[in-house]
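Chemist: Below you will find the structure I want to go over with you.
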Amino acid sequence: MTRDTIRIGLLGLGTVGSGVARILPQKADSLSATIGARLKVERILVRDLRKPRPIEVPSELLTTDPAAVLDDPSIDIIVEVVGGEQPALDFLRRAIENGKHVVTANKVVMARHGAELMALARQKGVDVLYEASVGGGLPIIAVLKHDLAANEIRWLKAIINGTTNYILTRMDRDGVEYAQALAEAQQLGYAEPDPADDVEGRDAAFKLAILASLAFRSRIPPEAVYHEGITRLTVRDFRYARELGYAIKLLAIARCSNGIAEARVHPCLVPLHRMLAQVRGVFYAVEVEGDLVGRVLFYGQGAGALPTSSAIVADVLELARDIARGVPRECPELGLNHLEVRPIHEVQSRYYIRLEVADRPGVLAQIAGVFGQHYISIASVIQKEAHEDALTAELVIMTHRANEAAVQAALRELGRLPVVREIGNWIRVDD
Ligand code: NAP
Ligand code: HSE
C-alpha cells in the first residue's frame, strides 16, 4: 500500500532539532519529489513551552508530554535529538515498542544501548538509523554499513571531536597554551561550559565505540575504549613534534588483526605528510583502510545545526521512501563477531618522550640503560635546550615500536633516577 504523507515526531527542538524543523518545511518540495510522499512534522516534544526558539513553529505542534508524540498512532518516524542517556533511551524504547522507526543523533545511547535497541527494532519490524550520532554531517555510518560492506576493515583513524581539534590547532599553529585555547573555544561556543567530556576524550570514545562496532561487526562497548585527553599537552611538545616532522592530534584509533580489536582515543604524533595531520580547527576526518578499497578519507563538519540536520534528514528520507512504498525494513544485527578488545598495556606503539635531566657526563648512559632493561629500542635522542643556571638539559627521545606496559614501567623507573629532574611528557606516535 502506498502512502502520500509520512508523519514525523520530533523529540527536542534545541540546536539540532531546530535545524531539522527548519529544513523539512524549507525543502518540502524537493524532499517529497525524492521520496514520492510528503514529510509532515506532526508533534514536537520540548521541556519548556515558553522558551524562545530560533525558529517559528506553530504552537499547537509543541508539547511537553512524551506520550503525545510517542503514543500517537499516526506518527511513523520518531527523530530523537534530546541528547543524554535518559530519558532519551526510554523515549526510543517506547517509540520502537509502538512500532515506529527511529532516527537518533545520540552517541551515548547508541554506544551503550545500540545493540539492545536494534534487537528490539528487529522484533517490532522497524529500523534504527543513527548517521548523526558520529560526526554530524560527515558521512561515515552509512559508509561503514553499506559502501564498505564488502571490505574487511583493517583499521580506522579519526579526528572526531571538534573542540579538541580547535584547541590543538591553536596550540600548534599559533603557540597558544592549552588554558587560553580552551577559554577561546568556550567563548566561540565550541566547548561546553563544562568541557570535560571533550577534553578528556570521552566524547570521542563514545563515537569510536559506534564506529568500531560497525567496522568490525562486533559490539565494542564504550567501556572497552581506552581514552586519554589533551590536558597535559604543552606548546613546547607541539614545537618539538613539528621539528621532528609531526603534528599532535587527538586520534581515535580502531584496529583489528588476528581476531583481536584495539579501540583507543589519545593524543598522538601524526606525520605531517598524512592527511589527518592537515585537519584543522573544528573539522572532523575519518580515515579507513579496507582490504579491497585501500585507504579512504572522509572530511567535513562534524557538528552544528545544519550539518547534523543533513545527516538526520537523510536518515528520515531513507525510511520515508520505504514507508511510502510499503516496503518492509529489517534492522540489521550490529555484530555477529565477538571480538576481544586488547587492553592498552598490551598495545604496541612508538613513543615521543621528553625529559628534563641533569646536564653532566654519564646521564645519557643511565637513561639508555633503563630503556634497554625494558627492551625498548631508542630511535633517536635530541638534546633540545640546556639550562646552564640549573645545570639541566632537555632530551627528546623517540623510540621504536615498544609495548605500552614496558614503556610505562621504564617511565616510572626513569622518574626515580636522581639525574632525571622531570618526565616532561610522553606521547604515542602514530605510524
Ligand atoms: P540541545 O540544544 O541541548 O537540545 C536538546 C533539546 O531536547 C531541547 O529542545 C530540550 O528542550 C529537549 N529536551 C531535553 N531534555 C528533555 C526532556 N527530558 N523532555 C523533553 N525535551 C527535552 O541539544 P543539541 O545540541 O540539539 O543535541 C541533540 C543531540 O544531537 C545530542 O544527542 C547531541 O549529542 C547530538 N548532536 C549534536 C550536535 C551539535 O552540533 N549540537 C552534533 C552531532 C550530534 P528545551 O528546548 O525546552 O530545553
Ligand atoms: N562536542 C562535540 C565536538 C560535538 O566538540 O566535536 C558534538 O558531538
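Here's how to read the names in the C-alpha cells: chain A, B, ... by the order shown, residue numbers from 1 in each chain, ligand numbers from 1 in the order shown.
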If we count only C-alpha atoms and set the cut-off at 10 Å, which residues sit around Ala252 of chain A, ignoring sequence neighbours fewer than 5 positions away in its own chain? Please answer as a PyMOL selection string.

Modeler: chain A and resi 156-161+201+204-205+207-209+211-212+225-227+263-268+286

Chemist: Restrict the selected residues to N, CA, C and O atoms and save them as a short mmCIF file (atom, residue, chain, number, x, y, z; two decimals), in the first residue's frame.

Modeler:
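Everything below was put into out_36.cif:
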data_model
loop_
_atom_site.label_atom_id
_atom_site.label_comp_id
_atom_site.auth_asym_id
_atom_site.auth_seq_id
_atom_site.Cartn_x
_atom_site.Cartn_y
_atom_site.Cartn_z
N LEU A 156 40.67 2.02 11.40
CA LEU A 156 40.23 3.38 11.10
C LEU A 156 40.87 4.31 12.11
O LEU A 156 41.11 3.95 13.27
N LYS A 157 41.19 5.51 11.63
CA LYS A 157 41.81 6.53 12.48
C LYS A 157 41.02 7.80 12.26
O LYS A 157 40.74 8.14 11.10
N ALA A 158 40.67 8.46 13.35
CA ALA A 158 39.73 9.55 13.17
C ALA A 158 39.99 10.72 14.11
O ALA A 158 40.48 10.54 15.23
N ILE A 159 39.66 11.89 13.60
CA ILE A 159 39.57 13.09 14.44
C ILE A 159 38.07 13.35 14.55
O ILE A 159 37.45 13.74 13.55
N ILE A 160 37.50 13.04 15.70
CA ILE A 160 36.03 13.10 15.82
C ILE A 160 35.60 13.95 17.01
O ILE A 160 34.58 13.69 17.64
N ASN A 161 36.42 14.94 17.32
CA ASN A 161 35.98 15.92 18.32
C ASN A 161 36.50 17.29 17.89
O ASN A 161 37.71 17.51 17.84
N GLY A 201 38.50 13.20 26.32
CA GLY A 201 38.42 12.16 25.29
C GLY A 201 37.19 11.28 25.38
O GLY A 201 37.06 10.32 24.61
N ALA A 204 34.84 11.48 22.19
CA ALA A 204 35.41 10.72 21.06
C ALA A 204 35.34 9.22 21.32
O ALA A 204 35.17 8.43 20.39
N ALA A 205 35.44 8.81 22.58
CA ALA A 205 35.41 7.38 22.90
C ALA A 205 34.01 6.79 22.61
O ALA A 205 33.90 5.68 22.08
N LYS A 207 31.97 7.90 20.35
CA LYS A 207 31.85 7.84 18.89
C LYS A 207 32.68 6.68 18.34
O LYS A 207 32.25 5.98 17.42
N LEU A 208 33.87 6.49 18.91
CA LEU A 208 34.71 5.39 18.41
C LEU A 208 34.06 4.04 18.69
O LEU A 208 34.17 3.11 17.87
N ALA A 209 33.39 3.90 19.82
CA ALA A 209 32.71 2.63 20.12
C ALA A 209 31.70 2.31 19.02
O ALA A 209 31.58 1.16 18.57
N LEU A 211 31.73 3.49 15.83
CA LEU A 211 32.42 3.22 14.56
C LEU A 211 33.10 1.85 14.57
O LEU A 211 33.02 1.10 13.59
N ALA A 212 33.77 1.52 15.68
CA ALA A 212 34.48 0.25 15.74
C ALA A 212 33.49 -0.92 15.69
O ALA A 212 33.75 -1.94 15.05
N VAL A 225 36.72 1.08 25.32
CA VAL A 225 37.54 2.04 24.55
C VAL A 225 38.42 2.80 25.54
O VAL A 225 37.91 3.54 26.40
N TYR A 226 39.71 2.63 25.43
CA TYR A 226 40.63 3.37 26.29
C TYR A 226 40.60 4.84 25.87
O TYR A 226 40.59 5.15 24.68
N HIS A 227 40.57 5.75 26.85
CA HIS A 227 40.63 7.17 26.45
C HIS A 227 41.50 8.00 27.37
O HIS A 227 41.57 7.76 28.58
N ALA A 263 40.81 -0.37 20.42
CA ALA A 263 39.96 0.82 20.33
C ALA A 263 40.46 1.80 21.38
O ALA A 263 40.36 1.54 22.58
N ARG A 264 41.02 2.91 20.92
CA ARG A 264 41.63 3.83 21.89
C ARG A 264 41.58 5.27 21.37
O ARG A 264 41.63 5.49 20.16
N VAL A 265 41.50 6.19 22.31
CA VAL A 265 41.48 7.62 22.00
C VAL A 265 42.57 8.26 22.84
O VAL A 265 42.56 8.12 24.08
N HIS A 266 43.52 8.90 22.21
CA HIS A 266 44.58 9.58 22.97
C HIS A 266 45.34 10.52 22.04
O HIS A 266 45.27 10.37 20.81
N PRO A 267 46.10 11.46 22.60
CA PRO A 267 46.91 12.32 21.74
C PRO A 267 47.96 11.48 21.03
O PRO A 267 48.43 10.48 21.58
N CYS A 268 48.30 11.90 19.84
CA CYS A 268 49.21 11.11 19.01
C CYS A 268 50.05 12.02 18.14
O CYS A 268 49.52 13.00 17.61
N VAL A 286 37.78 11.07 9.09
CA VAL A 286 37.89 9.64 9.41
C VAL A 286 38.61 8.97 8.24
O VAL A 286 38.17 9.10 7.09
#

Chemist: Would you mind listing, for every residue of segment 206-317 of chain A within 7 Å of segment 9-31 of chain A, the two atoms forming the shortest contact and the distance between them in Å to one decimal, using only C-alpha atoms, sorted by chain and ascending residue number, as JSON lines?

Modeler:
{"residue": "A:Ala305", "atom": "CA", "partner": "A:Val16", "partner_atom": "CA", "distance": 4.6}
{"residue": "A:Leu306", "atom": "CA", "partner": "A:Gly19", "partner_atom": "CA", "distance": 5.6}
{"residue": "A:Thr308", "atom": "CA", "partner": "A:Val16", "partner_atom": "CA", "distance": 6.5}
{"residue": "A:Ser309", "atom": "CA", "partner": "A:Val20", "partner_atom": "CA", "distance": 5.2}
{"residue": "A:Val313", "atom": "CA", "partner": "A:Val20", "partner_atom": "CA", "distance": 7.0}

Chemist: What would the file look like if the residues just selected were written as a compact mmCIF listing (two decimals), in the first residue's frame with N, CA, C and O atoms?

Modeler:
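That gives us part_7.txt:
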# COMPACT_ATOMS: atom_id res chain seq x y z
N ALA A 305 24.12 22.88 13.63
CA ALA A 305 22.71 22.59 13.37
C ALA A 305 22.50 22.05 11.95
O ALA A 305 21.87 21.00 11.77
N LEU A 306 23.03 22.73 10.95
CA LEU A 306 22.72 22.31 9.58
C LEU A 306 23.48 21.05 9.16
O LEU A 306 22.86 20.11 8.62
N THR A 308 24.48 18.63 11.01
CA THR A 308 23.90 17.48 11.72
C THR A 308 22.50 17.17 11.18
O THR A 308 22.13 16.01 11.00
N SER A 309 21.75 18.23 10.87
CA SER A 309 20.41 18.01 10.29
C SER A 309 20.52 17.34 8.94
O SER A 309 19.63 16.56 8.54
N VAL A 313 18.11 14.27 8.27
CA VAL A 313 17.09 14.29 7.21
C VAL A 313 17.38 13.17 6.19
O VAL A 313 16.46 12.53 5.68

Chemist: When the cut-off is 8 Å and you count only C-alpha atoms and all ligand atoms, which residues lie near ligand 1, shown as JSON, numbers by chain?

Modeler: {"A": [11, 12, 13, 14, 15, 16, 17, 18, 45, 46, 47, 48, 49, 50, 51, 53, 64, 65, 66, 80, 81, 82, 83, 84, 86, 87, 88, 104, 105, 106, 107, 108, 132, 133, 134, 135, 136, 137, 302, 303, 304, 305, 307, 308]}

Chemist: Give me, as a ChimeraX atom specification, all polymer residues having an atom no more than 9 Å from Phe371 of chain A, counting only C-alpha atoms and skipping those fewer than 5 positions away in the same chain.

Modeler: /A:376-378,406-407,410-411,414

Chemist: What's around Val429 of chain A at 6 Å? Count only C-alpha atoms, leave out sequence neighbours fewer than 5 positions away in its own chain, and write the answer as a list in words.

Modeler: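 My list of contacting residues is Cys268, Leu269, Arg350 and Tyr351 of chain A.
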
Chemist: I'd like the neighbourhood of Val143 of chain A as a PyMOL selection string, where a residue qualifies if any of its atoms comes within 12 Å (using only C-alpha atoms), though same-chain residues fewer than 3 positions away should be ignored.

Modeler: chain A and resi 131+134+138-140+146-151+153+211+214-215+286-288+290+296-298

Chemist: Using N, CA, C and O atoms, can you write the selected residues to a file as a PDB file, in the first residue's frame?

Modeler:
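The resulting again15.pdb:
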ATOM      1  N   GLU A 131      22.994   8.050  11.673  1.00  0.00           N
ATOM      2  CA  GLU A 131      24.138   8.677  10.990  1.00  0.00           C
ATOM      3  C   GLU A 131      24.667   9.889  11.762  1.00  0.00           C
ATOM      4  O   GLU A 131      25.876  10.113  11.830  1.00  0.00           O
ATOM      5  N   VAL A 134      27.602  10.152  15.001  1.00  0.00           N
ATOM      6  CA  VAL A 134      29.064  10.312  14.900  1.00  0.00           C
ATOM      7  C   VAL A 134      29.358  11.263  13.758  1.00  0.00           C
ATOM      8  O   VAL A 134      29.047  10.980  12.597  1.00  0.00           O
ATOM      9  N   LEU A 138      29.246  14.618   8.577  1.00  0.00           N
ATOM     10  CA  LEU A 138      30.254  13.807   7.870  1.00  0.00           C
ATOM     11  C   LEU A 138      29.706  12.386   7.676  1.00  0.00           C
ATOM     12  O   LEU A 138      29.364  11.720   8.644  1.00  0.00           O
ATOM     13  N   PRO A 139      29.600  11.936   6.433  1.00  0.00           N
ATOM     14  CA  PRO A 139      29.004  10.608   6.238  1.00  0.00           C
ATOM     15  C   PRO A 139      29.987   9.505   6.600  1.00  0.00           C
ATOM     16  O   PRO A 139      31.057   9.424   6.008  1.00  0.00           O
ATOM     17  N   ILE A 140      29.640   8.682   7.584  1.00  0.00           N
ATOM     18  CA  ILE A 140      30.547   7.598   7.956  1.00  0.00           C
ATOM     19  C   ILE A 140      29.787   6.345   8.383  1.00  0.00           C
ATOM     20  O   ILE A 140      30.212   5.225   8.096  1.00  0.00           O
ATOM     21  N   HIS A 146      27.096   0.268   4.474  1.00  0.00           N
ATOM     22  CA  HIS A 146      26.759  -0.111   3.094  1.00  0.00           C
ATOM     23  C   HIS A 146      27.958  -0.057   2.147  1.00  0.00           C
ATOM     24  O   HIS A 146      28.308  -1.047   1.541  1.00  0.00           O
ATOM     25  N   ASP A 147      28.555   1.135   2.052  1.00  0.00           N
ATOM     26  CA  ASP A 147      29.514   1.351   0.955  1.00  0.00           C
ATOM     27  C   ASP A 147      30.784   0.517   1.104  1.00  0.00           C
ATOM     28  O   ASP A 147      31.392   0.138   0.118  1.00  0.00           O
ATOM     29  N   LEU A 148      31.193   0.255   2.334  1.00  0.00           N
ATOM     30  CA  LEU A 148      32.406  -0.542   2.535  1.00  0.00           C
ATOM     31  C   LEU A 148      32.077  -1.962   3.007  1.00  0.00           C
ATOM     32  O   LEU A 148      32.948  -2.675   3.500  1.00  0.00           O
ATOM     33  N   ALA A 149      30.826  -2.364   2.830  1.00  0.00           N
ATOM     34  CA  ALA A 149      30.380  -3.644   3.402  1.00  0.00           C
ATOM     35  C   ALA A 149      31.150  -4.844   2.854  1.00  0.00           C
ATOM     36  O   ALA A 149      31.274  -5.866   3.533  1.00  0.00           O
ATOM     37  N   ALA A 150      31.691  -4.728   1.652  1.00  0.00           N
ATOM     38  CA  ALA A 150      32.413  -5.871   1.068  1.00  0.00           C
ATOM     39  C   ALA A 150      33.837  -5.984   1.617  1.00  0.00           C
ATOM     40  O   ALA A 150      34.529  -6.963   1.347  1.00  0.00           O
ATOM     41  N   ASN A 151      34.255  -4.982   2.377  1.00  0.00           N
ATOM     42  CA  ASN A 151      35.639  -4.957   2.866  1.00  0.00           C
ATOM     43  C   ASN A 151      35.775  -5.586   4.237  1.00  0.00           C
ATOM     44  O   ASN A 151      34.863  -5.529   5.062  1.00  0.00           O
ATOM     45  N   ILE A 153      37.573  -4.406   7.270  1.00  0.00           N
ATOM     46  CA  ILE A 153      38.197  -3.142   7.694  1.00  0.00           C
ATOM     47  C   ILE A 153      39.398  -3.473   8.572  1.00  0.00           C
ATOM     48  O   ILE A 153      39.256  -4.161   9.588  1.00  0.00           O
ATOM     49  N   LEU A 211      31.729   3.493  15.833  1.00  0.00           N
ATOM     50  CA  LEU A 211      32.423   3.217  14.560  1.00  0.00           C
ATOM     51  C   LEU A 211      33.097   1.851  14.571  1.00  0.00           C
ATOM     52  O   LEU A 211      33.025   1.098  13.591  1.00  0.00           O
ATOM     53  N   LEU A 214      30.674  -1.031  14.121  1.00  0.00           N
ATOM     54  CA  LEU A 214      30.246  -1.208  12.726  1.00  0.00           C
ATOM     55  C   LEU A 214      31.378  -1.746  11.867  1.00  0.00           C
ATOM     56  O   LEU A 214      31.186  -2.646  11.051  1.00  0.00           O
ATOM     57  N   ALA A 215      32.576  -1.193  12.073  1.00  0.00           N
ATOM     58  CA  ALA A 215      33.703  -1.568  11.212  1.00  0.00           C
ATOM     59  C   ALA A 215      34.045  -3.044  11.374  1.00  0.00           C
ATOM     60  O   ALA A 215      34.339  -3.725  10.396  1.00  0.00           O
ATOM     61  N   VAL A 286      37.783  11.073   9.088  1.00  0.00           N
ATOM     62  CA  VAL A 286      37.894   9.641   9.409  1.00  0.00           C
ATOM     63  C   VAL A 286      38.606   8.971   8.242  1.00  0.00           C
ATOM     64  O   VAL A 286      38.168   9.096   7.094  1.00  0.00           O
ATOM     65  N   GLU A 287      39.708   8.296   8.529  1.00  0.00           N
ATOM     66  CA  GLU A 287      40.431   7.558   7.503  1.00  0.00           C
ATOM     67  C   GLU A 287      40.214   6.070   7.781  1.00  0.00           C
ATOM     68  O   GLU A 287      40.322   5.629   8.933  1.00  0.00           O
ATOM     69  N   VAL A 288      39.887   5.341   6.724  1.00  0.00           N
ATOM     70  CA  VAL A 288      39.578   3.917   6.886  1.00  0.00           C
ATOM     71  C   VAL A 288      40.439   3.120   5.924  1.00  0.00           C
ATOM     72  O   VAL A 288      40.617   3.533   4.770  1.00  0.00           O
ATOM     73  N   GLY A 290      40.451  -0.542   4.163  1.00  0.00           N
ATOM     74  CA  GLY A 290      39.768  -1.822   3.925  1.00  0.00           C
ATOM     75  C   GLY A 290      40.604  -2.682   3.008  1.00  0.00           C
ATOM     76  O   GLY A 290      41.432  -2.165   2.255  1.00  0.00           O
ATOM     77  N   VAL A 296      40.576   5.230   2.419  1.00  0.00           N
ATOM     78  CA  VAL A 296      39.646   6.295   2.034  1.00  0.00           C
ATOM     79  C   VAL A 296      39.533   7.273   3.199  1.00  0.00           C
ATOM     80  O   VAL A 296      39.666   6.886   4.360  1.00  0.00           O
ATOM     81  N   LEU A 297      39.312   8.524   2.840  1.00  0.00           N
ATOM     82  CA  LEU A 297      39.252   9.557   3.882  1.00  0.00           C
ATOM     83  C   LEU A 297      37.967  10.357   3.754  1.00  0.00           C
ATOM     84  O   LEU A 297      37.607  10.765   2.650  1.00  0.00           O
ATOM     85  N   PHE A 298      37.304  10.582   4.858  1.00  0.00           N
ATOM     86  CA  PHE A 298      36.088  11.383   4.891  1.00  0.00           C
ATOM     87  C   PHE A 298      36.373  12.596   5.762  1.00  0.00           C
ATOM     88  O   PHE A 298      36.922  12.458   6.862  1.00  0.00           O
TER      89      PHE A 298
END

Chemist: Determine which residues of segment 172-222 of chain A DSSP labels as alpha helix (DSSP H) from the backbone of this structure, then write them out as an NGL selection string.

Modeler: :A and (172-174 or 178-187 or 196-199 or 202-216)

Chemist: Taking 4 positions as the minimum chain separation for residues in the same chain, which residues sit within 8 Å of segment 394-396 of chain A when counting only C-alpha atoms? Answer as a list in words.

Modeler: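 Within the cut-off, the hits are Tyr240, Tyr352, Ile353, Arg354, Leu355, Glu356, Val357, Val381, Ile382, Gln383, Lys384, Glu385 and Ala386 of chain A.
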
Chemist: Tell me, as a list of chain:residue names, which residues lie within 10 Å of Arg236 of chain A, counting only C-alpha atoms; anything in the same chain fewer than 3 positions away does not count.

Modeler: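 Residues near the query, excluding close chain neighbours: A:Met171, A:Asp172, A:Gly175, A:Glu177, A:Leu233, A:Arg239, A:Tyr240, A:Ala241, A:Arg242, A:Arg354, A:Gly424, A:Asn425.
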
Chemist: Dump all heavy atoms for the selected residues as a short mmCIF file (atom, residue, chain, number, x, y, z; two decimals), in the first residue's frame?

Modeler:
data_model
loop_
_atom_site.label_atom_id
_atom_site.label_comp_id
_atom_site.auth_asym_id
_atom_site.auth_seq_id
_atom_site.Cartn_x
_atom_site.Cartn_y
_atom_site.Cartn_z
N MET A 171 47.16 25.62 19.57
CA MET A 171 48.43 25.38 20.26
C MET A 171 49.55 25.18 19.23
O MET A 171 50.64 25.71 19.36
CB MET A 171 48.32 24.14 21.17
CG MET A 171 47.36 24.33 22.33
SD MET A 171 47.17 22.85 23.35
CE MET A 171 48.65 22.91 24.35
N ASP A 172 49.24 24.42 18.19
CA ASP A 172 50.24 24.05 17.19
C ASP A 172 50.59 25.25 16.30
O ASP A 172 51.74 25.61 16.13
CB ASP A 172 49.66 22.91 16.34
CG ASP A 172 50.69 22.31 15.39
OD1 ASP A 172 51.90 22.57 15.56
OD2 ASP A 172 50.29 21.56 14.49
N GLY A 175 50.88 28.82 18.84
CA GLY A 175 51.64 28.83 20.09
C GLY A 175 50.83 29.27 21.30
O GLY A 175 51.37 29.75 22.29
N GLU A 177 48.81 28.54 24.63
CA GLU A 177 48.80 27.42 25.59
C GLU A 177 47.38 26.90 25.80
O GLU A 177 46.39 27.58 25.53
CB GLU A 177 49.43 27.83 26.93
CG GLU A 177 50.96 27.89 26.93
CD GLU A 177 51.70 26.53 26.70
OE1 GLU A 177 51.03 25.49 26.52
OE2 GLU A 177 52.94 26.55 26.67
N LEU A 233 49.10 18.36 27.33
CA LEU A 233 49.94 18.79 26.21
C LEU A 233 50.38 20.24 26.41
O LEU A 233 49.64 21.05 26.95
CB LEU A 233 49.16 18.67 24.90
CG LEU A 233 48.74 17.24 24.51
CD1 LEU A 233 47.87 17.26 23.26
CD2 LEU A 233 49.96 16.35 24.31
N ARG A 239 55.99 22.23 19.42
CA ARG A 239 57.16 22.78 18.72
C ARG A 239 58.15 21.66 18.40
O ARG A 239 58.61 21.53 17.27
CB ARG A 239 57.82 23.84 19.62
CG ARG A 239 58.57 24.89 18.84
CD ARG A 239 58.96 26.06 19.69
NE ARG A 239 59.87 25.70 20.78
CZ ARG A 239 59.70 26.01 22.04
NH1 ARG A 239 58.63 26.69 22.41
NH2 ARG A 239 60.58 25.68 22.96
N TYR A 240 58.43 20.84 19.39
CA TYR A 240 59.39 19.75 19.16
C TYR A 240 58.84 18.75 18.15
O TYR A 240 59.57 18.25 17.29
CB TYR A 240 59.72 19.03 20.47
CG TYR A 240 60.46 19.89 21.49
CD1 TYR A 240 60.53 19.51 22.82
CD2 TYR A 240 61.10 21.06 21.10
CE1 TYR A 240 61.21 20.28 23.75
CE2 TYR A 240 61.77 21.84 22.04
CZ TYR A 240 61.81 21.45 23.36
OH TYR A 240 62.48 22.21 24.27
N ALA A 241 57.55 18.45 18.26
CA ALA A 241 56.94 17.48 17.34
C ALA A 241 57.08 17.98 15.91
O ALA A 241 57.47 17.24 15.00
CB ALA A 241 55.47 17.27 17.69
N ARG A 242 56.80 19.26 15.71
CA ARG A 242 56.88 19.83 14.35
C ARG A 242 58.32 19.75 13.83
O ARG A 242 58.55 19.42 12.66
CB ARG A 242 56.39 21.28 14.39
CG ARG A 242 55.83 21.74 13.09
CD ARG A 242 54.81 22.84 13.26
NE ARG A 242 53.47 22.30 13.11
CZ ARG A 242 52.86 22.09 11.93
NH1 ARG A 242 53.48 22.37 10.81
NH2 ARG A 242 51.63 21.62 11.88
N ARG A 354 59.78 13.27 26.51
CA ARG A 354 60.56 14.49 26.80
C ARG A 354 60.96 14.47 28.28
O ARG A 354 60.10 14.33 29.16
CB ARG A 354 59.70 15.72 26.49
CG ARG A 354 60.33 17.03 26.86
CD ARG A 354 59.61 18.21 26.20
NE ARG A 354 58.22 18.34 26.60
CZ ARG A 354 57.82 18.91 27.73
NH1 ARG A 354 58.70 19.39 28.61
NH2 ARG A 354 56.52 19.00 28.00
N GLY A 424 58.96 15.28 31.35
CA GLY A 424 58.22 16.43 30.79
C GLY A 424 56.91 15.99 30.17
O GLY A 424 55.85 16.52 30.48
N ASN A 425 56.98 15.00 29.32
CA ASN A 425 55.77 14.46 28.70
C ASN A 425 56.11 13.19 27.93
O ASN A 425 57.30 12.93 27.66
CB ASN A 425 55.13 15.48 27.73
CG ASN A 425 53.61 15.41 27.77
OD1 ASN A 425 53.03 14.41 28.21
ND2 ASN A 425 52.96 16.46 27.32
#

Chemist: Atom CA of Ser59 of chain A and atom CA of Leu89 of chain A are how many Å apart?

Modeler: 26.1 Å

Chemist: Go through A:Gly300, A:Gly36, A:Pro54, A:Pro221 and flag the residue nearest ligand 2, using only C-alpha atoms and all ligand atoms for the distances.

Modeler: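 Checking each candidate against ligand 2, we get A:Gly300 as the closest.
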
Chemist: Pick the closest to His113 of chain A from A:Pro222, A:Gly415, A:Pro52, A:Pro73: which is it, counting only C-alpha atoms?

Modeler: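 Closest residue, counting only C-alpha atoms: A:Pro222.
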
Chemist: My list of candidates is A:Ile44, A:Val69, A:Ala121, A:Leu182. Which is closest to ligand 2 when distances are computed with only C-alpha atoms and all ligand atoms?

Modeler: A:Leu182

Chemist: How many Å lie between atom CA of Gly99 of chain A and atom CA of Asp76 of chain A, rounded to one decimal?

Modeler: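 Between atom CA of Gly99 of chain A and atom CA of Asp76 of chain A the gap is 8.1 Å.
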
Chemist: Find the nearest atom pair between each residue of segment 101-152 of chain A and segment 333-347 of chain A for residues within 12 Å, count only C-alpha atoms, give distances in Å to one decimal, sort rows by chain and ascending number, and present the table as JSON lines.

Modeler:
{"residue": "A:Met110", "atom": "CA", "partner": "A:Leu334", "partner_atom": "CA", "distance": 10.8}
{"residue": "A:Ala111", "atom": "CA", "partner": "A:Leu334", "partner_atom": "CA", "distance": 11.2}
{"residue": "A:His113", "atom": "CA", "partner": "A:Leu334", "partner_atom": "CA", "distance": 11.0}
{"residue": "A:Gly114", "atom": "CA", "partner": "A:Leu334", "partner_atom": "CA", "distance": 8.0}
{"residue": "A:Ala115", "atom": "CA", "partner": "A:Leu334", "partner_atom": "CA", "distance": 6.0}
{"residue": "A:Glu116", "atom": "CA", "partner": "A:Leu334", "partner_atom": "CA", "distance": 9.5}
{"residue": "A:Leu117", "atom": "CA", "partner": "A:Leu334", "partner_atom": "CA", "distance": 10.1}
{"residue": "A:Met118", "atom": "CA", "partner": "A:Glu333", "partner_atom": "CA", "distance": 6.9}
{"residue": "A:Ala119", "atom": "CA", "partner": "A:Glu333", "partner_atom": "CA", "distance": 7.2}
{"residue": "A:Leu120", "atom": "CA", "partner": "A:Glu333", "partner_atom": "CA", "distance": 10.6}
{"residue": "A:Ala121", "atom": "CA", "partner": "A:Glu333", "partner_atom": "CA", "distance": 10.0}
{"residue": "A:Arg122", "atom": "CA", "partner": "A:Glu333", "partner_atom": "CA", "distance": 8.3}
{"residue": "A:Gln123", "atom": "CA", "partner": "A:Glu333", "partner_atom": "CA", "distance": 11.5}
{"residue": "A:Asp127", "atom": "CA", "partner": "A:Glu333", "partner_atom": "CA", "distance": 10.7}
{"residue": "A:Val128", "atom": "CA", "partner": "A:Glu333", "partner_atom": "CA", "distance": 10.8}
{"residue": "A:Leu129", "atom": "CA", "partner": "A:Leu334", "partner_atom": "CA", "distance": 11.8}
{"residue": "A:Ile141", "atom": "CA", "partner": "A:Leu334", "partner_atom": "CA", "distance": 11.9}
{"residue": "A:Leu144", "atom": "CA", "partner": "A:Leu334", "partner_atom": "CA", "distance": 11.6}
{"residue": "A:Lys145", "atom": "CA", "partner": "A:Leu334", "partner_atom": "CA", "distance": 9.6}

Chemist: Create the file for the chosen residues now, containing C-alpha atoms and written as a PDB file, in the first residue's frame.

Modeler:
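And here is the file that came out, out05.pdb:
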ATOM      1  CA  MET A 110      23.843   4.260  20.580  1.00  0.00           C
ATOM      2  CA  ALA A 111      27.269   3.414  22.045  1.00  0.00           C
ATOM      3  CA  HIS A 113      22.431   0.590  24.116  1.00  0.00           C
ATOM      4  CA  GLY A 114      22.530   0.442  20.309  1.00  0.00           C
ATOM      5  CA  ALA A 115      22.590  -3.376  20.181  1.00  0.00           C
ATOM      6  CA  GLU A 116      19.574  -3.634  22.528  1.00  0.00           C
ATOM      7  CA  LEU A 117      17.559  -1.045  20.569  1.00  0.00           C
ATOM      8  CA  MET A 118      18.350  -2.753  17.276  1.00  0.00           C
ATOM      9  CA  ALA A 119      17.316  -6.151  18.633  1.00  0.00           C
ATOM     10  CA  LEU A 120      14.031  -4.662  19.840  1.00  0.00           C
ATOM     11  CA  ALA A 121      13.566  -2.978  16.451  1.00  0.00           C
ATOM     12  CA  ARG A 122      14.035  -6.316  14.666  1.00  0.00           C
ATOM     13  CA  GLN A 123      11.307  -7.861  16.833  1.00  0.00           C
ATOM     14  CA  ASP A 127      14.575   0.272  11.880  1.00  0.00           C
ATOM     15  CA  VAL A 128      17.032   2.414  13.852  1.00  0.00           C
ATOM     16  CA  LEU A 129      19.178   4.889  11.894  1.00  0.00           C
ATOM     17  CA  ILE A 141      27.881   5.321   9.490  1.00  0.00           C
ATOM     18  CA  LEU A 144      30.611   1.528   7.037  1.00  0.00           C
ATOM     19  CA  LYS A 145      27.191  -0.152   6.869  1.00  0.00           C
TER      20      LYS A 145
END

Chemist: Just the number, please: distance in Å from atom CA of Phe206 of chain A to atom CA of Glu85 of chain A, one decimal.

Modeler: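 Computed distance, atom CA of Phe206 of chain A to atom CA of Glu85 of chain A, equals 11.9 Å.
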